[in-house]
Amino acid sequence: MDLIRKLKHYRISQDEYKKIQSLLKREPKGIEFALFSALWSEHCSYKSSRVHLKNLYRENKTVLQSFGENAGIIDLGEGEKIAFKMESHNHPSYIEPFQGAATGVGGILRDIFTMGARPIASANYLCFGDIQAPRMQELVDGVVRGIGGYGNCVGVPTITGQTEFHRSYNKNILVNAMSVGYFGPKDVICISRAKGVGNLVVYVGAKTGKDGVHGASMASESFSEDSSHKKPNVQIGDPFFEKLLIESCIEVMNKELVVAIQDMGAAGLTSSSFEMAAKGKVGMEIHLDQVPLRDSTVGPEEILLSESQERMLLICEPKKFEELKGVFTHWGLEASPIGKVISEQVMRLYWHNEILTEIDPDLLVDNCPAYKREFSEWKAKNRLSELKILVAEEKENEKTFKKIVGSIEGCSRSWIYGQYDQRVGARTERDANHSVSVLRLDHSNRGLAIAVGCRPYVMRFDAYVGGIDAVAYPALEMAAKGFTTLAVTDCLNFGNPEKNEIMSEFVASLKGMNSFCEAIDAPIISGNVSFYNETEGENITSTPSTGLVGLRSDKQSLPQDSFQNKAERVYLVRLPQIYFEGAVNNNAKGLGEFNISKLAYFIKSIEKMGADGDVISSRVVGKFGLAYALFRMASLNIGVEIKSDVMAQLLSEPRGLFSEVFYEVLFSVKAACDFLNRYRDNQYHIVELGSTIAEKLILGDKLVVSTSELNQIYNSGWEANFEGLA
Amino acid sequence: MKKCGVLRFPGTNCDFDTWKAVEKSGGKPEWLWHADHFNAKEFEAFLVPGGFSYGDYLRSGALAARSPAMDSLREANHLGRPILGICNGFQILCEAGLLEGALIKNAGLRFVDSWSEIKLVNPSSFWAANIKKDERINLPIAHGDGRYYAEKDTIKKMQDREQIWWQYVVNPNGSLNDIAGIKNEKGNVGALMPHPERALFAWMGADFGKNFFTALGH
Amino acid sequence: MKIGVRIMPRSELLDSQGRAVFKLFKDQGKNIESVRVGRYVELDIRLSDKDQALKHAEEMAESVLHNPLIENYRIEIL
Amino acid sequence: MKIGVRIMPRSELLDSQGRAVFKLFKDQGKNIESVRVGRYVELDIRLSDKDQALKHAEEMAESVLHNPLIENYRIEIL
Ligand SMILES: Nc1ncnc2c1ncn2[C@@H]1O[C@H](COP(=O)(O)OP(=O)(O)O)[C@@H](O)[C@H]1O
Ligand SMILES: [Mg+2]
């Protein structure tokens, strides 16, 4: 192969090639092309995003582990800790939705238990295209089956998520999976830093096949039509095998039989071994011929790059190896020594007795390129000087409203989470049917909440606002249930970073997200960047999805999501900063700006209300505005009556029945509770809307509608939209 | 305080949940590993937890049913020891011949997770003994292969001998005769698809499940 | 020696998958009478004697691979 | 006309079911080299012409029955 073709094959640019030459002080040879290709891929090296991720707010006193390890860890006090992270599996899921989504779940679970934490919950964030777009029903079906198939079998409940639809994802869906792991007082945290000269490098788990060879560099490339013909790249997941791996790895870690451990994720054995060595400032001798293979035709380069699933690499003292092996054998798995740790900082790779390369791991890991991609200063976008939203007649409103409630954007997602086991582990207090999911922690019995965020339509309005919203909205949802947001993980899904407008949105949304995290003291402790979500020149909506965890220590009962009885008093607590034309007309325009510190204060105040024992139910007003939020609280067919004068007062502001104001929160409280006086504050408004009633939503003279009829439309909406997907 | 054997197969994933349920009810749980025989006489009751033993590969429960521990469980059955199968445990007991019938793919061909109302048809003298005939309770279900099947004569016989333990109020999976749980003829072996160990406390959504384990505390 | 075991549901009642595929084909206007969906297991047996290998396969099919209550099976040499 | 479609996981790819069944047989001391688990679909096609029926079956196998990314199939007349 001539050089040009070789560089193209390995997706190494001319500049990168020059850099390789100068680092090596010689020409790269043989297998080294493959090593650089994998470790310098966008996916492994974060070369376009690193300069921006460096300055994130990622530490506070509760953070035990942040960026740089497989997942972040925070201390919850009382001897408990959690590890969590979110990761994308967009490209593989578009190619083969079932396996793509399944292996996405498997991969994020490994990131968690690699650290010694037992995975206790998963969440997923999904963006699909128009339901009429080619293959879309098949993609939705495959992704949901894949997530369920893997999570259910491995025994980790999938307890929350978010599902969006927009044409910008027609040829590039998003599948982001999050997982949360738990450490009890006696559990050990493990890290991936290799150390101890003479220690064994041990390969554990599935045998290596040709699956996903060049997967890492493929995920770092824009999509072209023929990607779906790249047959050999499909990775096959085996949740049953993963379950065995979880149990055995946690056992060897708790028995202190391992020095360091790392899962083989993107770029498989290469990235795991090189990163472990680079972190420990040591080297390794690795005998590739001793790697267990699925079939004998797998060669050294494929061994290095294979992304076969369910494999781990660990470092073990020679004297503990027999005991370690015993644990794996008990679980039906094999542990094979494939090399050892050496003091000289060099990776020496053998194939039988031949040395394939001797190379300093730092050259590939720490010296990978970092690009300052071009971007522009953010300017507020899509602002209107005035916003006139017409509120129509009652009949017309009712018609519009029913259409919204039954639309794919507005209808129930129970078709999705009804295929996920939400209770295995017996910790689930609030399942995916709730706006915030809650688990009980084993040791302290405190509530741990999980919510995901990022609303693509807000991103289409303004990336800076959208970045703030990606944290503020779910944090507000947590607060409305009395939870404090502790920390955040993110999954930054963007198009081509080489385009100025994409990179500008990346920078702006990250800035918004980060400033807000700092304002509420919720560090971003882990995350993932997925660039090149571009197909044939079309980019997805920039979608920085987030995963939040929150804690609530008191044992007061949690506010429900719905009105429970007639005659509850209903309040709207509001801090109107941005008036938004809303998700209804797809034309994302609005008015106003966020004031971050005021917003942070608002969230703190909402948190106090959410923890108030007199609160019966709560909900953040989100997509489609007030009427929709009230309807969602009426799932038990208890509605609300708002008097005409109250309605008129609300509508004197630039808002419609179905448009959003950032932000407003609804509470229903016991009839005897004087909520207004208890929480009076000049930093936000509280409006008493009215009282709950049976069977109807009455919004002054603007809208009167039967809740049972709406619920019926809401619950059958999915099936109505997806006729072919019984 | 009864000493209870909790069976564990590769892929069992409700093992800790079942363990905790036994403990909370005052029983004394002990693991029984699939690859080993055990002495049935040493235990007063047995639980076969839910999950995906062997990944549900081939047929759910089929591979687990052929393990050494199941030989010992058959002995336990001869001794008349109480045995409870939950979800995958139900599938394993059927595959092992300790209960009649089989559990096949849900009629809708999808995994179903939800709360489900079930009705007690014929009480068991050991498991959930304090729940009365015709009483209805709510328990979570979560399964892909929960559709009970047996031949007509078998079902008829089971009805006659009061072996039908639980029925769904609304059938979620196409189960014959709405069957959610059954017993063997002697009544010592019982199994159901719903998960009592996931409904032990009000905060879980309901606490009907704790009734299943009360006998373990005495 | 490679041996194949074809395992099919015993009746239509037991074959929801078959019915679903059938319905799909019908909706697509295919010229079809019925569809049945079962499993196929390929065993590579370390015996060169045909009869012995078949006997071995039969044992596995009887003891594990099929459940006689709901399935039938057939064995063939591949 | 009855036509069988045997759908097996592609040989280069992991067959997770086959791996689990194989391990169990090994543990039971069976004389076995490998196990692969696939699906079998029996189509009853309303055509008496063999070639036409086969063509019809192939179309169905291509379009619906198998996933070319992870499976291979073979067609046979039953
Ligand atoms: N992909 C998914 N996986 C699991 N749960 C989901 C998924 N998508 C949506 N959900 C659940 O559906 C519920 C309703 O979603 P949504 O319509 O966005 O309303 P909400 O504003 O209450 O979150 C959410 O509480 C969420 O937990
Ligand atoms: Mg939500």
# chains A, B, ... in the order shown; residues from 1 in each chain; ligands from 1
call {"tool": "calpha_fit_and_write", "arguments": {"fixed": "chain C", "moving": "chain D", "output": "short mmCIF file (atom, residue, chain, number, x, y, z; two decimals) with N, CA, C and O atoms, in the first residue's frame"}}
result
data_model
loop_
_atom_site.label_atom_id
_atom_site.label_comp_id
_atom_site.auth_asym_id
_atom_site.auth_seq_id
_atom_site.Cartn_x
_atom_site.Cartn_y
_atom_site.Cartn_z
N MET D 1 -18.17 -34.50 13.02
CA MET D 1 -19.35 -34.66 12.17
C MET D 1 -20.40 -33.62 12.51
O MET D 1 -20.74 -33.43 13.68
N LYS D 2 -20.88 -32.94 11.47
CA LYS D 2 -21.86 -31.88 11.71
C LYS D 2 -23.29 -32.40 11.61
O LYS D 2 -23.66 -33.02 10.63
N ILE D 3 -24.03 -32.12 12.64
CA ILE D 3 -25.42 -32.57 12.67
C ILE D 3 -26.32 -31.39 12.97
O ILE D 3 -25.98 -30.52 13.78
N GLY D 4 -27.43 -31.35 12.25
CA GLY D 4 -28.37 -30.24 12.45
C GLY D 4 -29.61 -30.72 13.18
O GLY D 4 -30.10 -31.82 12.92
N VAL D 5 -30.09 -29.90 14.10
CA VAL D 5 -31.34 -30.23 14.79
C VAL D 5 -32.32 -29.10 14.53
O VAL D 5 -32.06 -27.94 14.87
N ARG D 6 -33.40 -29.45 13.90
CA ARG D 6 -34.42 -28.45 13.58
C ARG D 6 -35.54 -28.58 14.60
O ARG D 6 -36.15 -29.64 14.71
N ILE D 7 -35.78 -27.52 15.34
CA ILE D 7 -36.75 -27.58 16.43
C ILE D 7 -37.91 -26.64 16.12
O ILE D 7 -37.71 -25.44 15.97
N MET D 8 -39.09 -27.22 15.97
CA MET D 8 -40.23 -26.40 15.57
C MET D 8 -41.34 -26.50 16.63
O MET D 8 -41.48 -27.51 17.31
N PRO D 9 -42.14 -25.44 16.77
CA PRO D 9 -43.28 -25.52 17.68
C PRO D 9 -44.21 -26.64 17.25
O PRO D 9 -44.42 -26.84 16.05
N ARG D 10 -44.76 -27.38 18.21
CA ARG D 10 -45.68 -28.46 17.86
C ARG D 10 -46.85 -27.92 17.08
O ARG D 10 -47.39 -26.86 17.40
N SER D 11 -47.26 -28.68 16.09
CA SER D 11 -48.23 -28.11 15.14
C SER D 11 -49.59 -27.84 15.78
O SER D 11 -50.31 -26.96 15.34
N GLU D 12 -49.95 -28.56 16.85
CA GLU D 12 -51.25 -28.31 17.48
C GLU D 12 -51.23 -27.02 18.28
O GLU D 12 -52.27 -26.50 18.65
N LEU D 13 -50.03 -26.52 18.60
CA LEU D 13 -49.96 -25.38 19.50
C LEU D 13 -49.79 -24.08 18.73
O LEU D 13 -49.37 -24.07 17.58
N LEU D 14 -50.13 -23.02 19.40
CA LEU D 14 -49.99 -21.70 18.81
C LEU D 14 -48.52 -21.39 18.59
O LEU D 14 -47.70 -21.60 19.46
N ASP D 15 -48.20 -20.87 17.41
CA ASP D 15 -46.85 -20.37 17.16
C ASP D 15 -46.96 -18.86 17.03
O ASP D 15 -47.30 -18.33 15.98
N SER D 16 -46.68 -18.18 18.13
CA SER D 16 -46.96 -16.74 18.15
C SER D 16 -46.07 -15.99 17.17
O SER D 16 -46.51 -15.06 16.51
N GLN D 17 -44.80 -16.40 17.06
CA GLN D 17 -43.91 -15.72 16.11
C GLN D 17 -44.41 -15.92 14.69
O GLN D 17 -44.48 -14.99 13.90
N GLY D 18 -44.73 -17.18 14.40
CA GLY D 18 -45.19 -17.50 13.05
C GLY D 18 -46.43 -16.69 12.71
O GLY D 18 -46.56 -16.18 11.60
N ARG D 19 -47.32 -16.56 13.68
CA ARG D 19 -48.56 -15.81 13.43
C ARG D 19 -48.26 -14.36 13.06
O ARG D 19 -48.84 -13.81 12.12
N ALA D 20 -47.31 -13.74 13.79
CA ALA D 20 -47.01 -12.33 13.53
C ALA D 20 -46.32 -12.16 12.17
O ALA D 20 -46.65 -11.24 11.41
N VAL D 21 -45.38 -13.05 11.86
CA VAL D 21 -44.67 -12.93 10.58
C VAL D 21 -45.64 -13.18 9.42
O VAL D 21 -45.65 -12.47 8.42
N PHE D 22 -46.49 -14.16 9.61
CA PHE D 22 -47.47 -14.49 8.58
C PHE D 22 -48.37 -13.29 8.28
O PHE D 22 -48.60 -12.91 7.14
N LYS D 23 -48.83 -12.65 9.36
CA LYS D 23 -49.75 -11.51 9.19
C LYS D 23 -49.06 -10.40 8.41
O LYS D 23 -49.64 -9.78 7.51
N LEU D 24 -47.80 -10.17 8.73
CA LEU D 24 -47.07 -9.12 8.04
C LEU D 24 -46.94 -9.44 6.56
O LEU D 24 -47.18 -8.61 5.69
N PHE D 25 -46.57 -10.68 6.25
CA PHE D 25 -46.43 -11.09 4.84
C PHE D 25 -47.76 -10.95 4.12
O PHE D 25 -47.82 -10.50 2.97
N LYS D 26 -48.82 -11.35 4.79
CA LYS D 26 -50.16 -11.21 4.20
C LYS D 26 -50.44 -9.74 3.88
O LYS D 26 -50.87 -9.41 2.77
N ASP D 27 -50.18 -8.89 4.87
CA ASP D 27 -50.43 -7.46 4.66
C ASP D 27 -49.61 -6.91 3.51
O ASP D 27 -50.01 -5.98 2.83
N GLN D 28 -48.44 -7.51 3.30
CA GLN D 28 -47.60 -7.05 2.19
C GLN D 28 -48.00 -7.70 0.87
O GLN D 28 -47.33 -7.51 -0.14
N GLY D 29 -49.05 -8.49 0.93
CA GLY D 29 -49.56 -9.10 -0.30
C GLY D 29 -48.80 -10.33 -0.77
O GLY D 29 -48.87 -10.70 -1.94
N LYS D 30 -48.07 -10.95 0.12
CA LYS D 30 -47.33 -12.15 -0.28
C LYS D 30 -48.29 -13.33 -0.45
O LYS D 30 -49.31 -13.44 0.22
N ASN D 31 -47.90 -14.20 -1.33
CA ASN D 31 -48.69 -15.37 -1.69
C ASN D 31 -48.43 -16.52 -0.72
O ASN D 31 -47.76 -17.49 -1.06
N ILE D 32 -48.96 -16.40 0.46
CA ILE D 32 -48.49 -17.33 1.47
C ILE D 32 -49.63 -17.92 2.30
O ILE D 32 -50.67 -17.29 2.50
N GLU D 33 -49.42 -19.17 2.73
CA GLU D 33 -50.46 -19.94 3.41
C GLU D 33 -50.22 -19.96 4.92
O GLU D 33 -51.14 -19.86 5.71
N SER D 34 -48.99 -20.13 5.29
CA SER D 34 -48.67 -20.16 6.72
C SER D 34 -47.17 -19.99 6.91
O SER D 34 -46.37 -20.22 6.01
N VAL D 35 -46.82 -19.54 8.13
CA VAL D 35 -45.41 -19.38 8.48
C VAL D 35 -45.23 -19.97 9.87
O VAL D 35 -46.07 -19.75 10.74
N ARG D 36 -44.19 -20.74 10.05
CA ARG D 36 -43.87 -21.19 11.40
C ARG D 36 -42.40 -20.88 11.67
O ARG D 36 -41.55 -21.03 10.79
N VAL D 37 -42.14 -20.45 12.88
CA VAL D 37 -40.78 -20.06 13.21
C VAL D 37 -40.26 -20.95 14.34
O VAL D 37 -40.91 -21.09 15.37
N GLY D 38 -39.13 -21.56 14.09
CA GLY D 38 -38.52 -22.42 15.10
C GLY D 38 -37.05 -22.10 15.25
O GLY D 38 -36.60 -21.01 14.88
N ARG D 39 -36.30 -23.06 15.77
CA ARG D 39 -34.88 -22.85 15.99
C ARG D 39 -34.08 -23.90 15.25
O ARG D 39 -34.60 -24.96 14.89
N TYR D 40 -32.83 -23.58 15.00
CA TYR D 40 -31.97 -24.55 14.34
C TYR D 40 -30.65 -24.60 15.10
O TYR D 40 -30.03 -23.58 15.36
N VAL D 41 -30.25 -25.81 15.45
CA VAL D 41 -29.00 -25.96 16.18
C VAL D 41 -28.05 -26.84 15.38
O VAL D 41 -28.41 -27.92 14.95
N GLU D 42 -26.85 -26.31 15.16
CA GLU D 42 -25.83 -27.07 14.46
C GLU D 42 -24.84 -27.60 15.47
O GLU D 42 -24.21 -26.83 16.20
N LEU D 43 -24.69 -28.90 15.52
CA LEU D 43 -23.77 -29.51 16.46
C LEU D 43 -22.58 -30.06 15.70
O LEU D 43 -22.74 -30.75 14.69
N ASP D 44 -21.40 -29.75 16.20
CA ASP D 44 -20.23 -30.38 15.61
C ASP D 44 -19.74 -31.42 16.60
O ASP D 44 -19.20 -31.07 17.66
N ILE D 45 -19.98 -32.68 16.26
CA ILE D 45 -19.72 -33.74 17.22
C ILE D 45 -18.41 -34.45 16.91
O ILE D 45 -18.09 -34.71 15.75
N ARG D 46 -17.67 -34.72 17.97
CA ARG D 46 -16.34 -35.30 17.80
C ARG D 46 -16.39 -36.81 17.66
O ARG D 46 -15.75 -37.53 18.41
N LEU D 47 -17.18 -37.28 16.73
CA LEU D 47 -17.26 -38.71 16.49
C LEU D 47 -17.35 -38.89 14.99
O LEU D 47 -18.05 -38.15 14.31
N SER D 48 -16.64 -39.89 14.47
CA SER D 48 -16.69 -40.04 13.02
C SER D 48 -17.73 -41.08 12.62
O SER D 48 -18.19 -41.11 11.49
N ASP D 49 -18.13 -41.90 13.57
CA ASP D 49 -19.14 -42.90 13.25
C ASP D 49 -20.50 -42.23 13.19
O ASP D 49 -20.96 -41.59 14.14
N LYS D 50 -21.15 -42.39 12.04
CA LYS D 50 -22.40 -41.71 11.78
C LYS D 50 -23.47 -42.04 12.82
O LYS D 50 -24.09 -41.16 13.40
N ASP D 51 -23.65 -43.34 13.03
CA ASP D 51 -24.72 -43.76 13.94
C ASP D 51 -24.49 -43.28 15.36
O ASP D 51 -25.40 -42.81 16.03
N GLN D 52 -23.23 -43.39 15.76
CA GLN D 52 -22.90 -42.93 17.11
C GLN D 52 -23.16 -41.44 17.25
O GLN D 52 -23.73 -40.98 18.24
N ALA D 53 -22.72 -40.70 16.25
CA ALA D 53 -22.89 -39.24 16.28
C ALA D 53 -24.37 -38.90 16.33
O ALA D 53 -24.81 -38.03 17.11
N LEU D 54 -25.15 -39.60 15.52
CA LEU D 54 -26.60 -39.34 15.52
C LEU D 54 -27.21 -39.63 16.88
O LEU D 54 -28.05 -38.89 17.37
N LYS D 55 -26.75 -40.70 17.47
CA LYS D 55 -27.28 -41.07 18.77
C LYS D 55 -26.95 -39.99 19.81
O LYS D 55 -27.79 -39.58 20.62
N HIS D 56 -25.72 -39.55 19.73
CA HIS D 56 -25.26 -38.48 20.61
C HIS D 56 -26.13 -37.23 20.45
O HIS D 56 -26.57 -36.62 21.41
N ALA D 57 -26.36 -36.89 19.19
CA ALA D 57 -27.16 -35.68 18.89
C ALA D 57 -28.57 -35.85 19.42
O ALA D 57 -29.16 -34.93 19.98
N GLU D 58 -29.09 -37.05 19.25
CA GLU D 58 -30.45 -37.28 19.69
C GLU D 58 -30.57 -37.10 21.20
O GLU D 58 -31.52 -36.50 21.70
N GLU D 59 -29.56 -37.60 21.88
CA GLU D 59 -29.54 -37.45 23.33
C GLU D 59 -29.59 -35.98 23.72
O GLU D 59 -30.33 -35.58 24.62
N MET D 60 -28.78 -35.18 23.04
CA MET D 60 -28.73 -33.75 23.36
C MET D 60 -30.04 -33.07 23.02
O MET D 60 -30.52 -32.21 23.75
N ALA D 61 -30.60 -33.46 21.90
CA ALA D 61 -31.88 -32.87 21.49
C ALA D 61 -32.96 -33.20 22.52
O ALA D 61 -33.74 -32.36 22.93
N GLU D 62 -32.95 -34.47 22.96
CA GLU D 62 -33.96 -34.90 23.92
C GLU D 62 -33.80 -34.20 25.25
O GLU D 62 -34.77 -33.75 25.86
N SER D 63 -32.55 -34.11 25.71
CA SER D 63 -32.35 -33.68 27.09
C SER D 63 -32.32 -32.17 27.24
O SER D 63 -32.74 -31.63 28.26
N VAL D 64 -31.80 -31.47 26.26
CA VAL D 64 -31.59 -30.04 26.44
C VAL D 64 -32.22 -29.18 25.35
O VAL D 64 -32.88 -28.19 25.62
N LEU D 65 -32.00 -29.58 24.12
CA LEU D 65 -32.29 -28.65 23.03
C LEU D 65 -33.77 -28.37 22.83
O LEU D 65 -34.14 -27.28 22.45
N HIS D 66 -34.59 -29.36 23.05
CA HIS D 66 -36.01 -29.10 22.78
C HIS D 66 -36.86 -29.32 24.02
O HIS D 66 -36.48 -30.03 24.94
N ASN D 67 -37.97 -28.65 24.05
CA ASN D 67 -38.92 -28.80 25.15
C ASN D 67 -40.09 -29.63 24.62
O ASN D 67 -40.89 -29.15 23.84
N PRO D 68 -40.16 -30.88 25.05
CA PRO D 68 -41.12 -31.81 24.43
C PRO D 68 -42.58 -31.37 24.60
O PRO D 68 -43.43 -31.79 23.82
N LEU D 69 -42.84 -30.53 25.57
CA LEU D 69 -44.22 -30.10 25.77
C LEU D 69 -44.68 -29.17 24.67
O LEU D 69 -45.87 -29.07 24.38
N ILE D 70 -43.74 -28.44 24.10
CA ILE D 70 -44.18 -27.45 23.12
C ILE D 70 -43.47 -27.56 21.77
O ILE D 70 -43.84 -26.88 20.84
N GLU D 71 -42.48 -28.44 21.68
CA GLU D 71 -41.72 -28.49 20.43
C GLU D 71 -41.51 -29.92 19.94
O GLU D 71 -41.50 -30.87 20.72
N ASN D 72 -41.32 -30.04 18.64
CA ASN D 72 -40.86 -31.27 18.02
C ASN D 72 -39.49 -31.01 17.42
O ASN D 72 -39.16 -29.87 17.10
N TYR D 73 -38.73 -32.07 17.23
CA TYR D 73 -37.46 -31.82 16.56
C TYR D 73 -37.18 -32.89 15.52
O TYR D 73 -37.78 -33.97 15.53
N ARG D 74 -36.28 -32.57 14.61
CA ARG D 74 -35.79 -33.51 13.59
C ARG D 74 -34.30 -33.37 13.51
O ARG D 74 -33.76 -32.27 13.62
N ILE D 75 -33.66 -34.49 13.27
CA ILE D 75 -32.21 -34.47 13.20
C ILE D 75 -31.76 -34.77 11.78
O ILE D 75 -32.36 -35.60 11.10
N GLU D 76 -30.73 -34.08 11.31
CA GLU D 76 -30.21 -34.40 9.98
C GLU D 76 -28.69 -34.27 9.97
O GLU D 76 -28.12 -33.51 10.75
N ILE D 77 -28.09 -35.04 9.10
CA ILE D 77 -26.63 -34.91 8.96
C ILE D 77 -26.35 -33.80 7.96
O ILE D 77 -27.01 -33.67 6.93
N LEU D 78 -25.40 -32.95 8.30
CA LEU D 78 -25.14 -31.80 7.41
C LEU D 78 -23.94 -32.06 6.53
O LEU D 78 -23.04 -32.79 6.91
#
call {"tool": "residues_near_ligand", "arguments": {"ligand": "ligand 1", "cutoff": "7 Å", "atoms": "only C-alpha atoms and all ligand atoms", "output": "PyMOL selection string"}}
result
chain A and resi 123-126+158-163+410-414+416-417+432-437+622
call {"tool": "residues_around", "arguments": {"residues": "stretch 74-89 of chain B", "least_positions_apart": "4", "cutoff": "8 Å", "atoms": "only C-alpha atoms", "output": "number ranges by chain"}}
result
B: 40-41, 44-53, 60-61, 70, 93, 98, 126-127, 143, 146, 186, 188-195
call {"tool": "residues_around", "arguments": {"residues": "stretch 22-25 of chain A", "least_positions_apart": "6", "cutoff": "9 Å", "atoms": "only C-alpha atoms", "output": "PyMOL selection string"}}
result
chain A and resi 359-360+363+367
call {"tool": "residues_around", "arguments": {"residues": "stretch 104-117 of chain B", "least_positions_apart": "6", "cutoff": "7 Å", "atoms": "only C-alpha atoms", "output": "list of chain:residue names"}}
result
A:Gly418, A:Gln419, A:Tyr420, A:Asp421, B:Arg136, B:Ile137, B:Asn138, B:Leu139, B:Pro140, B:Ile141, B:Ala142, B:His143, B:Gly144, B:Asp145, B:Gly146, B:Arg147, B:Tyr148, B:Tyr168, B:Val169, B:Asn173, B:Gly174, C:Ser16
call {"tool": "write_last_selection", "arguments": {"atoms": "C-alpha atoms", "output": "compact mmCIF listing (two decimals), in the first residue's frame"}}
result
# COMPACT_ATOMS: atom_id res chain seq x y z
CA GLY A 418 -43.02 -1.06 29.41
CA GLN A 419 -40.38 -3.22 27.71
CA TYR A 420 -37.74 -2.38 30.29
CA ASP A 421 -37.43 -4.17 33.59
CA ARG B 136 -56.67 -9.72 44.85
CA ILE B 137 -53.23 -8.21 45.20
CA ASN B 138 -50.90 -6.11 43.06
CA LEU B 139 -47.44 -7.34 42.17
CA PRO B 140 -44.93 -6.29 39.54
CA ILE B 141 -44.39 -8.48 36.51
CA ALA B 142 -41.34 -8.34 34.24
CA HIS B 143 -40.95 -11.13 31.72
CA GLY B 144 -40.67 -12.02 28.06
CA ASP B 145 -41.70 -15.67 28.37
CA GLY B 146 -44.58 -15.71 30.80
CA ARG B 147 -47.33 -17.31 28.79
CA TYR B 148 -48.33 -20.44 30.62
CA TYR B 168 -54.24 -12.55 36.33
CA VAL B 169 -57.20 -10.24 36.52
CA ASN B 173 -49.22 -12.32 28.12
CA GLY B 174 -51.75 -14.73 26.66
CA SER C 16 -46.99 -16.64 18.07
call {"tool": "closest_residue", "arguments": {"among": "B:Pro123, B:Pro29, B:Gly11, B:Gly181", "to": "chain D", "atoms": "only C-alpha atoms"}}
result
B:Gly11
call {"tool": "interface_residues", "arguments": {"of": "chain A", "to": "chain D", "cutoff": "10 Å", "atoms": "only C-alpha atoms", "output": "PyMOL selection string"}}
result
chain A and resi 95-96+99+206-211+228-241+294-295+297-298+308-309+332
call {"tool": "atom_distance", "arguments": {"atom1": "atom CA of A:Arg167", "atom2": "atom CA of A:Pro134"}}
result
11.2 Å
call {"tool": "atom_distance", "arguments": {"atom1": "atom CA of A:Gly613", "atom2": "atom CA of A:Gln683"}}
result
22.9 Å
call {"tool": "select_by_dssp", "arguments": {"residues": "stretch 488-625 of chain A", "states": "helix (DSSP H, G or I)", "output": "number ranges by chain"}}
result
A: 500-519, 596-610, 625
call {"tool": "residues_around", "arguments": {"residues": "A:Glu323", "least_positions_apart": "6", "cutoff": "10 Å", "atoms": "only C-alpha atoms", "output": "PyMOL selection string"}}
result
chain A and resi 252+255+257+329
call {"tool": "write_last_selection", "arguments": {"atoms": "C-alpha atoms", "output": "mmCIF file, in the first residue's frame"}}
result
data_model
loop_
_atom_site.group_PDB
_atom_site.id
_atom_site.type_symbol
_atom_site.label_atom_id
_atom_site.label_comp_id
_atom_site.auth_asym_id
_atom_site.auth_seq_id
_atom_site.Cartn_x
_atom_site.Cartn_y
_atom_site.Cartn_z
ATOM 1 C CA VAL A 252 -12.004 -10.125 42.656
ATOM 2 C CA LYS A 255 -11.106 -9.627 47.603
ATOM 3 C CA LEU A 257 -6.899 -9.524 43.990
ATOM 4 C CA THR A 329 -13.447 -20.224 36.809
#
call {"tool": "interface_residues", "arguments": {"of": "chain B", "to": "chain D", "cutoff": "10 Å", "atoms": "only C-alpha atoms", "output": "count of residues only"}}
result
11
call {"tool": "residues_around", "arguments": {"residues": "stretch 685-692 of chain A", "least_positions_apart": "3", "cutoff": "7 Å", "atoms": "only C-alpha atoms", "output": "PyMOL selection string"}}
result
chain A and resi 566-575+638-643+646+676
call {"tool": "select_by_dssp", "arguments": {"residues": "stretch 2-49 of chain C", "states": "strand (DSSP E)", "output": "PyMOL selection string"}}
result
chain C and resi 2-9+32-45
call {"tool": "atom_distance", "arguments": {"atom1": "atom CA of A:Arg455", "atom2": "atom CA of A:Ala470"}}
result
6.5 Å
call {"tool": "closest_residue", "arguments": {"among": "A:Glu80, A:Asp462, A:Glu409, A:Glu695", "to": "ligand 2", "atoms": "only C-alpha atoms and all ligand atoms"}}
result
A:Glu409
call {"tool": "interface_residues", "arguments": {"of": "chain A", "to": "chain B", "cutoff": "10 Å", "atoms": "only C-alpha atoms", "output": "ChimeraX atom specification"}}
result
/A:145,148-150,152-156,238-244,247,330-332,414-415,417-431,439-440,557-558,726
